[in-house]
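Down below is the structure, laid out as structure tokens.
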Amino acid sequence: MLHIILYAIVPIVVVMLAGYISGKKGIFNGDDAKKFNKVVLDYALPAALFVSIVQSTREDLAKDLKLTLVSLIGIMGCFMLVYFVFKYCFKKNTGADAAVSALISGSPTIGFLGFAVLEPIFGTTPAVALVVAIVGIVVNAVGIPVGLSLMNASVEKQNPDKTKKQNPLKPVLHALTQPVAWAPILAVVLVLCGLKWPDWLSPSFNLIAKANASMAVFSAGITLSAIKLSINWQVILGSIMKMIMMPLVVLVLGLLFHMDPFNLKMLVVASALPPAFSGIIIADENDIYVATGTSSLTLSVILFVGFCPLWIWLTDVALAAF
């Protein structure tokens with residue numbers, strides 16, 4: 001546990017704090033953070049996912065079928081639960097507010113913190129990359145399109161004369177055109193086809209891939225520096241559902257599906273990651289649920305320092321018991 005804290009949690013806190021201080025001092029601002037995020041999502045993360053997965057085998061992918069099912073059912077189940085809770089339990093919330101809350105509190109920030117958290121704990125292996133890739137595909141190719149569809153439907157219902165009806169498949173197609181979605185899918189296809197990846201090609205991908213974790217965490221600090229923390233019941237509930245409910249649901253499902261213990265531990269930690277920054281970006285772009293959503297993100301980042309080692313310990317206890 002001390003190793004996890006020193007090698008996984010402390011480095012994230014230090015780098016994120018550096019980004020936070022630089023944001024507060026005006027060295028970098030929100031626009032800079034968006035540019036850093038674009039480098040991460042369009043170049044560094046896809047390269048890291050691709051080169052890691054393409055070095056695996058068909059047998060590795062076959063073992064991860066349960067991982068895919070548990071990720072999809074667990075994360076999207078929690079996603080929809082957050083949506084319904086925030087839509088029907090808070091009278092002031094619109095369907096759009098609930099959709100954005102699901103995009104935030106119902107999605108882990110796997111793209112930004114996945115490798116930064118999992119590799120120091122579980123090592124630099126194809127298994128880690130597969131967990132990041134699978135959860136990333138669920139969040140980006142399933143969760144974001146569903147959230148956008150729910151948000152757009154609510155906005156159209158509230159302003160039928162001012163909005164243009166959108167194709168419900170458009171968010172799905174847009175998500176699949178992003179490098180963070182198609183790069184791991186392409187790698188999986190190559191592995192399934194039995195194509196051998198040349199070792200001499202990997203260094204060209206690894207150079208940009210190594211910037212993924214550090215740049216993502218630093219950018220997260222800059223983003224948080226621009227957020228004003230305001231605690232209310234929705235912020236607290238959102239943080240509880242993200243940091244407690246989602247990893248608990250994934251842990252229970254993993255035990256029921258008899259998942260590989262190593263994969264289950266990684267998936268529980270991945271699901272306990274703070275809310276997805278993509279949800280904040282969507283909230284900001286549409287001016288929907290911005291203050292509460294960003295406050296929930298900030299609180300969850302602070303809580304993650306304690307919940308990460310806690311969920312690793314709880315998973316070990318559960319695996320020993322079952």
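Each chain in the structure tokens gets a letter, A, B and so on, in the order shown; residues start at 1 in every chain, and ligands are counted from 1 in the order they appear.
Omitting Ile240 of chain A and its sequence neighbours fewer than 6 positions away, and counting only C-alpha atoms, the residues within 12 Å are Cys78, Val82, Ser105, Gly106, Trp233, Gln234, Met246, Pro247, Leu248, Ala272, Pro274, Pro275, Ser296, Leu297, Leu299, Ser300, Val301, Leu303, Phe304 and Phe307 of chain A.
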Export, as an mmCIF file, in the first residue's frame, the selected residues with N, CA, C and O atoms.
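Dumped everything to part.cif:
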```
data_model
loop_
_atom_site.group_PDB
_atom_site.id
_atom_site.type_symbol
_atom_site.label_atom_id
_atom_site.label_comp_id
_atom_site.auth_asym_id
_atom_site.auth_seq_id
_atom_site.Cartn_x
_atom_site.Cartn_y
_atom_site.Cartn_z
ATOM 1 N N CYS A 78 -24.135 2.395 -14.337
ATOM 2 C CA CYS A 78 -23.962 3.525 -13.413
ATOM 3 C C CYS A 78 -24.236 4.852 -14.117
ATOM 4 O O CYS A 78 -24.807 5.769 -13.523
ATOM 5 N N VAL A 82 -27.006 7.477 -12.751
ATOM 6 C CA VAL A 82 -26.720 8.880 -12.430
ATOM 7 C C VAL A 82 -27.701 9.789 -13.166
ATOM 8 O O VAL A 82 -28.249 10.739 -12.594
ATOM 9 N N SER A 105 -20.222 12.469 -13.618
ATOM 10 C CA SER A 105 -20.174 11.539 -12.485
ATOM 11 C C SER A 105 -20.412 10.088 -12.886
ATOM 12 O O SER A 105 -20.217 9.188 -12.068
ATOM 13 N N GLY A 106 -20.818 9.857 -14.134
ATOM 14 C CA GLY A 106 -21.045 8.488 -14.594
ATOM 15 C C GLY A 106 -19.965 7.979 -15.520
ATOM 16 O O GLY A 106 -20.137 6.944 -16.162
ATOM 17 N N TRP A 233 -25.502 19.574 -2.195
ATOM 18 C CA TRP A 233 -25.892 18.170 -2.133
ATOM 19 C C TRP A 233 -25.675 17.455 -3.467
ATOM 20 O O TRP A 233 -25.356 16.269 -3.496
ATOM 21 N N GLN A 234 -25.844 18.164 -4.568
ATOM 22 C CA GLN A 234 -25.630 17.526 -5.861
ATOM 23 C C GLN A 234 -24.147 17.213 -6.074
ATOM 24 O O GLN A 234 -23.802 16.168 -6.636
ATOM 25 N N MET A 246 -19.726 3.342 -8.473
ATOM 26 C CA MET A 246 -19.220 2.718 -9.695
ATOM 27 C C MET A 246 -18.188 1.630 -9.438
ATOM 28 O O MET A 246 -18.339 0.505 -9.946
ATOM 29 N N PRO A 247 -17.145 1.869 -8.639
ATOM 30 C CA PRO A 247 -16.198 0.765 -8.378
ATOM 31 C C PRO A 247 -16.840 -0.396 -7.633
ATOM 32 O O PRO A 247 -16.471 -1.553 -7.852
ATOM 33 N N LEU A 248 -17.835 -0.108 -6.771
ATOM 34 C CA LEU A 248 -18.527 -1.189 -6.059
ATOM 35 C C LEU A 248 -19.314 -2.054 -7.025
ATOM 36 O O LEU A 248 -19.268 -3.292 -6.956
ATOM 37 N N ALA A 272 -12.745 3.714 -10.378
ATOM 38 C CA ALA A 272 -12.690 4.635 -9.235
ATOM 39 C C ALA A 272 -11.990 5.939 -9.586
ATOM 40 O O ALA A 272 -11.902 6.834 -8.735
ATOM 41 N N PRO A 274 -11.363 9.707 -10.990
ATOM 42 C CA PRO A 274 -12.248 10.879 -10.937
ATOM 43 C C PRO A 274 -13.097 11.000 -12.193
ATOM 44 O O PRO A 274 -12.840 10.330 -13.203
ATOM 45 N N PRO A 275 -14.117 11.855 -12.172
ATOM 46 C CA PRO A 275 -15.013 12.016 -13.328
ATOM 47 C C PRO A 275 -14.271 12.423 -14.598
ATOM 48 O O PRO A 275 -13.204 13.038 -14.544
ATOM 49 N N SER A 296 -18.048 19.034 -8.584
ATOM 50 C CA SER A 296 -18.050 17.593 -8.337
ATOM 51 C C SER A 296 -16.752 16.964 -8.805
ATOM 52 O O SER A 296 -16.191 16.073 -8.145
ATOM 53 N N LEU A 297 -16.236 17.428 -9.938
ATOM 54 C CA LEU A 297 -14.950 16.942 -10.431
ATOM 55 C C LEU A 297 -13.829 17.258 -9.454
ATOM 56 O O LEU A 297 -13.014 16.387 -9.116
ATOM 57 N N LEU A 299 -13.980 17.905 -6.187
ATOM 58 C CA LEU A 299 -14.114 17.125 -4.958
ATOM 59 C C LEU A 299 -13.690 15.680 -5.178
ATOM 60 O O LEU A 299 -13.020 15.075 -4.331
ATOM 61 N N SER A 300 -14.044 15.108 -6.332
ATOM 62 C CA SER A 300 -13.693 13.714 -6.626
ATOM 63 C C SER A 300 -12.193 13.526 -6.776
ATOM 64 O O SER A 300 -11.642 12.507 -6.361
ATOM 65 N N VAL A 301 -11.518 14.499 -7.382
ATOM 66 C CA VAL A 301 -10.056 14.422 -7.516
ATOM 67 C C VAL A 301 -9.401 14.384 -6.138
ATOM 68 O O VAL A 301 -8.465 13.616 -5.900
ATOM 69 N N LEU A 303 -10.845 13.369 -3.303
ATOM 70 C CA LEU A 303 -11.214 12.115 -2.646
ATOM 71 C C LEU A 303 -10.454 10.922 -3.213
ATOM 72 O O LEU A 303 -10.214 9.934 -2.511
ATOM 73 N N PHE A 304 -10.060 11.001 -4.487
ATOM 74 C CA PHE A 304 -9.387 9.874 -5.126
ATOM 75 C C PHE A 304 -8.078 9.513 -4.431
ATOM 76 O O PHE A 304 -7.679 8.344 -4.424
ATOM 77 N N PHE A 307 -9.362 7.141 -1.881
ATOM 78 C CA PHE A 307 -10.167 6.021 -2.362
ATOM 79 C C PHE A 307 -9.385 5.046 -3.230
ATOM 80 O O PHE A 307 -9.723 3.862 -3.285
#
```
Any idea what's packed within 10 Å of Ser56 of chain A, counting only C-alpha atoms, ignoring anything in its chain fewer than 6 positions away? Could you give it as a PyMOL selection string?
chain A and resi 125-127+129-130+187-188+191-192+196-197
Among segment 40-178 of chain A, which residues carry a DSSP assignment of alpha helix (DSSP H), reported as a PyMOL selection string?
chain A and resi 45-53+58-63+65-88+95-105+110-122+126-137+144-158+170-176
For Pro120 of chain A, which of A:Phe28, A:Tyr7, A:Phe90, A:Phe36 is the closest residue, counting only C-alpha atoms?
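Selected residue with least distance to Pro120 of chain A: A:Tyr7.
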Enter the distance from atom CA of Val13 of chain A to atom CA of Leu251 of chain A, in Å, rounded to one decimal.
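Value for the atom CA of Val13 of chain A-atom CA of Leu251 of chain A distance: 25.6 Å.
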Taking into account only C-alpha atoms, which residue in the set A:Val39, A:Val132, A:Ile121, A:Gly77 is nearest to Leu2 of chain A?
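Looking at the shortest contact to Leu2 of chain A, the residue is A:Ile121.
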Name all residues at most 12 Å from Asn232 of chain A (count only C-alpha atoms; drop same-chain ones fewer than 2 positions away) and give them as a list in words.
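After dropping sequence-adjacent residues, the list is Leu229, Ser230, Gln234, Val235, Ile236, Leu237, Gly238, Ser239, Ala291, Thr292, Gly293, Ser295, Ser296 and Leu299 of chain A.
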Got time to write the residues from that selection, all heavy atoms, as a compact mmCIF listing (two decimals), in the first residue's frame?
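Okay, result_36.txt is ready:
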```txt
# COMPACT_ATOMS: atom_id res chain seq x y z
N LEU A 229 -14.64 25.99 -6.39
CA LEU A 229 -15.30 24.89 -5.69
C LEU A 229 -16.49 25.41 -4.89
O LEU A 229 -16.37 26.33 -4.08
CB LEU A 229 -14.31 24.20 -4.75
CG LEU A 229 -14.85 22.98 -3.97
CD1 LEU A 229 -15.29 21.89 -4.92
CD2 LEU A 229 -13.78 22.45 -3.01
N SER A 230 -17.65 24.82 -5.14
CA SER A 230 -18.88 25.17 -4.43
C SER A 230 -19.59 23.88 -4.03
O SER A 230 -20.07 23.14 -4.90
CB SER A 230 -19.79 26.04 -5.32
OG SER A 230 -21.01 26.33 -4.65
N GLN A 234 -25.84 18.16 -4.57
CA GLN A 234 -25.63 17.53 -5.86
C GLN A 234 -24.15 17.21 -6.07
O GLN A 234 -23.80 16.17 -6.64
CB GLN A 234 -26.15 18.43 -6.98
CG GLN A 234 -27.67 18.57 -7.00
CD GLN A 234 -28.19 19.12 -8.30
OE1 GLN A 234 -27.82 18.66 -9.37
NE2 GLN A 234 -29.05 20.12 -8.22
N VAL A 235 -23.29 18.10 -5.63
CA VAL A 235 -21.85 17.87 -5.74
C VAL A 235 -21.44 16.66 -4.91
O VAL A 235 -20.70 15.78 -5.37
CB VAL A 235 -21.07 19.12 -5.28
CG1 VAL A 235 -19.58 18.82 -5.17
CG2 VAL A 235 -21.31 20.28 -6.24
N ILE A 236 -21.95 16.60 -3.68
CA ILE A 236 -21.62 15.49 -2.78
C ILE A 236 -22.14 14.17 -3.34
O ILE A 236 -21.43 13.16 -3.37
CB ILE A 236 -22.19 15.75 -1.37
CG1 ILE A 236 -21.50 16.97 -0.75
CG2 ILE A 236 -22.02 14.52 -0.49
CD1 ILE A 236 -22.12 17.42 0.56
N LEU A 237 -23.41 14.17 -3.81
CA LEU A 237 -24.00 12.95 -4.34
C LEU A 237 -23.27 12.49 -5.59
O LEU A 237 -23.01 11.29 -5.77
CB LEU A 237 -25.48 13.18 -4.65
CG LEU A 237 -26.24 11.98 -5.23
CD1 LEU A 237 -26.20 10.81 -4.26
CD2 LEU A 237 -27.68 12.35 -5.57
N GLY A 238 -22.92 13.44 -6.46
CA GLY A 238 -22.19 13.08 -7.67
C GLY A 238 -20.85 12.43 -7.35
O GLY A 238 -20.46 11.44 -7.98
N SER A 239 -20.16 12.97 -6.36
CA SER A 239 -18.86 12.41 -5.96
C SER A 239 -19.03 11.03 -5.34
O SER A 239 -18.22 10.12 -5.60
CB SER A 239 -18.17 13.35 -4.97
OG SER A 239 -17.92 14.61 -5.56
N ALA A 291 -21.15 24.86 -13.14
CA ALA A 291 -20.66 25.10 -11.78
C ALA A 291 -20.71 23.83 -10.93
O ALA A 291 -19.72 23.46 -10.28
CB ALA A 291 -21.47 26.20 -11.13
N THR A 292 -21.86 23.15 -10.93
CA THR A 292 -22.00 21.94 -10.10
C THR A 292 -21.12 20.82 -10.62
O THR A 292 -20.49 20.09 -9.84
CB THR A 292 -23.48 21.49 -10.08
OG1 THR A 292 -24.29 22.56 -9.62
CG2 THR A 292 -23.66 20.29 -9.17
N GLY A 293 -21.07 20.67 -11.94
CA GLY A 293 -20.25 19.60 -12.52
C GLY A 293 -18.78 19.77 -12.23
O GLY A 293 -18.09 18.80 -11.87
N SER A 295 -17.43 21.46 -9.78
CA SER A 295 -17.20 21.29 -8.34
C SER A 295 -17.17 19.82 -7.97
O SER A 295 -16.36 19.39 -7.13
CB SER A 295 -18.31 22.01 -7.56
OG SER A 295 -18.25 23.41 -7.74
N SER A 296 -18.05 19.03 -8.58
CA SER A 296 -18.05 17.59 -8.34
C SER A 296 -16.75 16.96 -8.81
O SER A 296 -16.19 16.07 -8.14
CB SER A 296 -19.24 16.95 -9.06
OG SER A 296 -19.32 15.57 -8.77
N LEU A 299 -13.98 17.91 -6.19
CA LEU A 299 -14.11 17.12 -4.96
C LEU A 299 -13.69 15.68 -5.18
O LEU A 299 -13.02 15.07 -4.33
CB LEU A 299 -15.56 17.19 -4.46
CG LEU A 299 -15.86 16.42 -3.17
CD1 LEU A 299 -15.01 16.95 -2.01
CD2 LEU A 299 -17.35 16.54 -2.82
```
Provide the atom CA of Leu49 of chain A to atom CA of Pro184 of chain A distance in Å, to one decimal place.
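That distance, rounded to one decimal, is 5.7 Å.
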Counting only C-alpha atoms, what is within 8 Å of segment 113-119 of chain A, bar same-chain residues fewer than 6 positions away, as a PyMOL selection string?
chain A and resi 8-9+12+125+128-129+132+212-214+216-217+266+269-270+273
With only C-alpha atoms as the counted atoms, please give the residues lying no more than 10 Å from Leu69 of chain A, apart from itself and same-chain residues fewer than 6 positions off, as a PyMOL selection string.
chain A and resi 75+134+253-254+257
Include C-alpha atoms and write out the residues we just selected as a PDB file, in the first residue's frame.
```pdb
ATOM      1  CA  ILE A  75     -20.027   1.695 -16.359  1.00  0.00           C
ATOM      2  CA  ILE A 134     -11.715  -1.048 -23.279  1.00  0.00           C
ATOM      3  CA  LEU A 253     -20.061  -7.777 -11.358  1.00  0.00           C
ATOM      4  CA  GLY A 254     -16.449  -8.912 -11.706  1.00  0.00           C
ATOM      5  CA  PHE A 257     -18.515 -13.103 -13.793  1.00  0.00           C
TER       6      PHE A 257
END
```
Please report as a tab-separated table every residue of segment 68-112 of chain A lying within 10 Å of segment 282-288 of chain A, along with the nearest atom pair and their distance in Å (one decimal), using only C-alpha atoms.
```
residue	atom	partner	partner_atom	distance
A:Thr94	CA	A:Ile288	CA	9.6
A:Ala96	CA	A:Ile288	CA	7.1
A:Asp97	CA	A:Ile288	CA	6.2
A:Ala98	CA	A:Ile288	CA	9.7
A:Ala99	CA	A:Ile288	CA	9.5
A:Val100	CA	A:Ala283	CA	6.3
A:Ser101	CA	A:Ala283	CA	8.9
A:Leu103	CA	A:Ile282	CA	8.5
A:Ile104	CA	A:Ala283	CA	8.9
```
Using N, CA and C atoms, can you export the residues from the last selection as an mmCIF file, in the first residue's frame?
```
data_model
loop_
_atom_site.group_PDB
_atom_site.id
_atom_site.type_symbol
_atom_site.label_atom_id
_atom_site.label_comp_id
_atom_site.auth_asym_id
_atom_site.auth_seq_id
_atom_site.Cartn_x
_atom_site.Cartn_y
_atom_site.Cartn_z
ATOM 1 N N THR A 94 -32.954 19.926 -15.416
ATOM 2 C CA THR A 94 -33.574 19.535 -16.668
ATOM 3 C C THR A 94 -32.954 18.214 -17.136
ATOM 4 N N ALA A 96 -31.233 17.918 -19.738
ATOM 5 C CA ALA A 96 -29.877 18.267 -20.185
ATOM 6 C C ALA A 96 -28.909 18.304 -19.005
ATOM 7 N N ASP A 97 -29.365 18.861 -17.864
ATOM 8 C CA ASP A 97 -28.534 18.882 -16.655
ATOM 9 C C ASP A 97 -28.189 17.456 -16.230
ATOM 10 N N ALA A 98 -29.190 16.585 -16.250
ATOM 11 C CA ALA A 98 -28.983 15.197 -15.842
ATOM 12 C C ALA A 98 -28.030 14.477 -16.790
ATOM 13 N N ALA A 99 -28.148 14.776 -18.101
ATOM 14 C CA ALA A 99 -27.265 14.144 -19.081
ATOM 15 C C ALA A 99 -25.812 14.555 -18.855
ATOM 16 N N VAL A 100 -25.588 15.835 -18.591
ATOM 17 C CA VAL A 100 -24.229 16.315 -18.334
ATOM 18 C C VAL A 100 -23.696 15.740 -17.021
ATOM 19 N N SER A 101 -24.560 15.630 -16.016
ATOM 20 C CA SER A 101 -24.122 15.032 -14.751
ATOM 21 C C SER A 101 -23.706 13.583 -14.956
ATOM 22 N N LEU A 103 -22.477 12.398 -17.819
ATOM 23 C CA LEU A 103 -21.209 12.463 -18.538
ATOM 24 C C LEU A 103 -20.039 12.746 -17.603
ATOM 25 N N ILE A 104 -20.336 13.381 -16.462
ATOM 26 C CA ILE A 104 -19.286 13.712 -15.490
ATOM 27 C C ILE A 104 -19.189 12.622 -14.423
#
```
Separation of atom CA of Ser219 of chain A and atom CA of Leu186 of chain A, in Å?
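Straight-line distance from atom CA of Ser219 of chain A to atom CA of Leu186 of chain A works out to 27.4 Å.
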Compile a residue-level contact table for segment 197-302 of chain A against segment 41-45 of chain A at a cut-off of 7 Å, reporting for every qualifying residue the shortest atom pair and its distance in Å to one decimal, with only C-alpha atoms counted, rows ordered by chain and ascending number, as JSON lines.
```
{"residue": "A:Ile208", "atom": "CA", "partner": "A:Ala44", "partner_atom": "CA", "distance": 5.2}
{"residue": "A:Ala209", "atom": "CA", "partner": "A:Ala44", "partner_atom": "CA", "distance": 4.5}
{"residue": "A:Ala211", "atom": "CA", "partner": "A:Ala44", "partner_atom": "CA", "distance": 6.2}
{"residue": "A:Asn212", "atom": "CA", "partner": "A:Ala44", "partner_atom": "CA", "distance": 4.9}
```
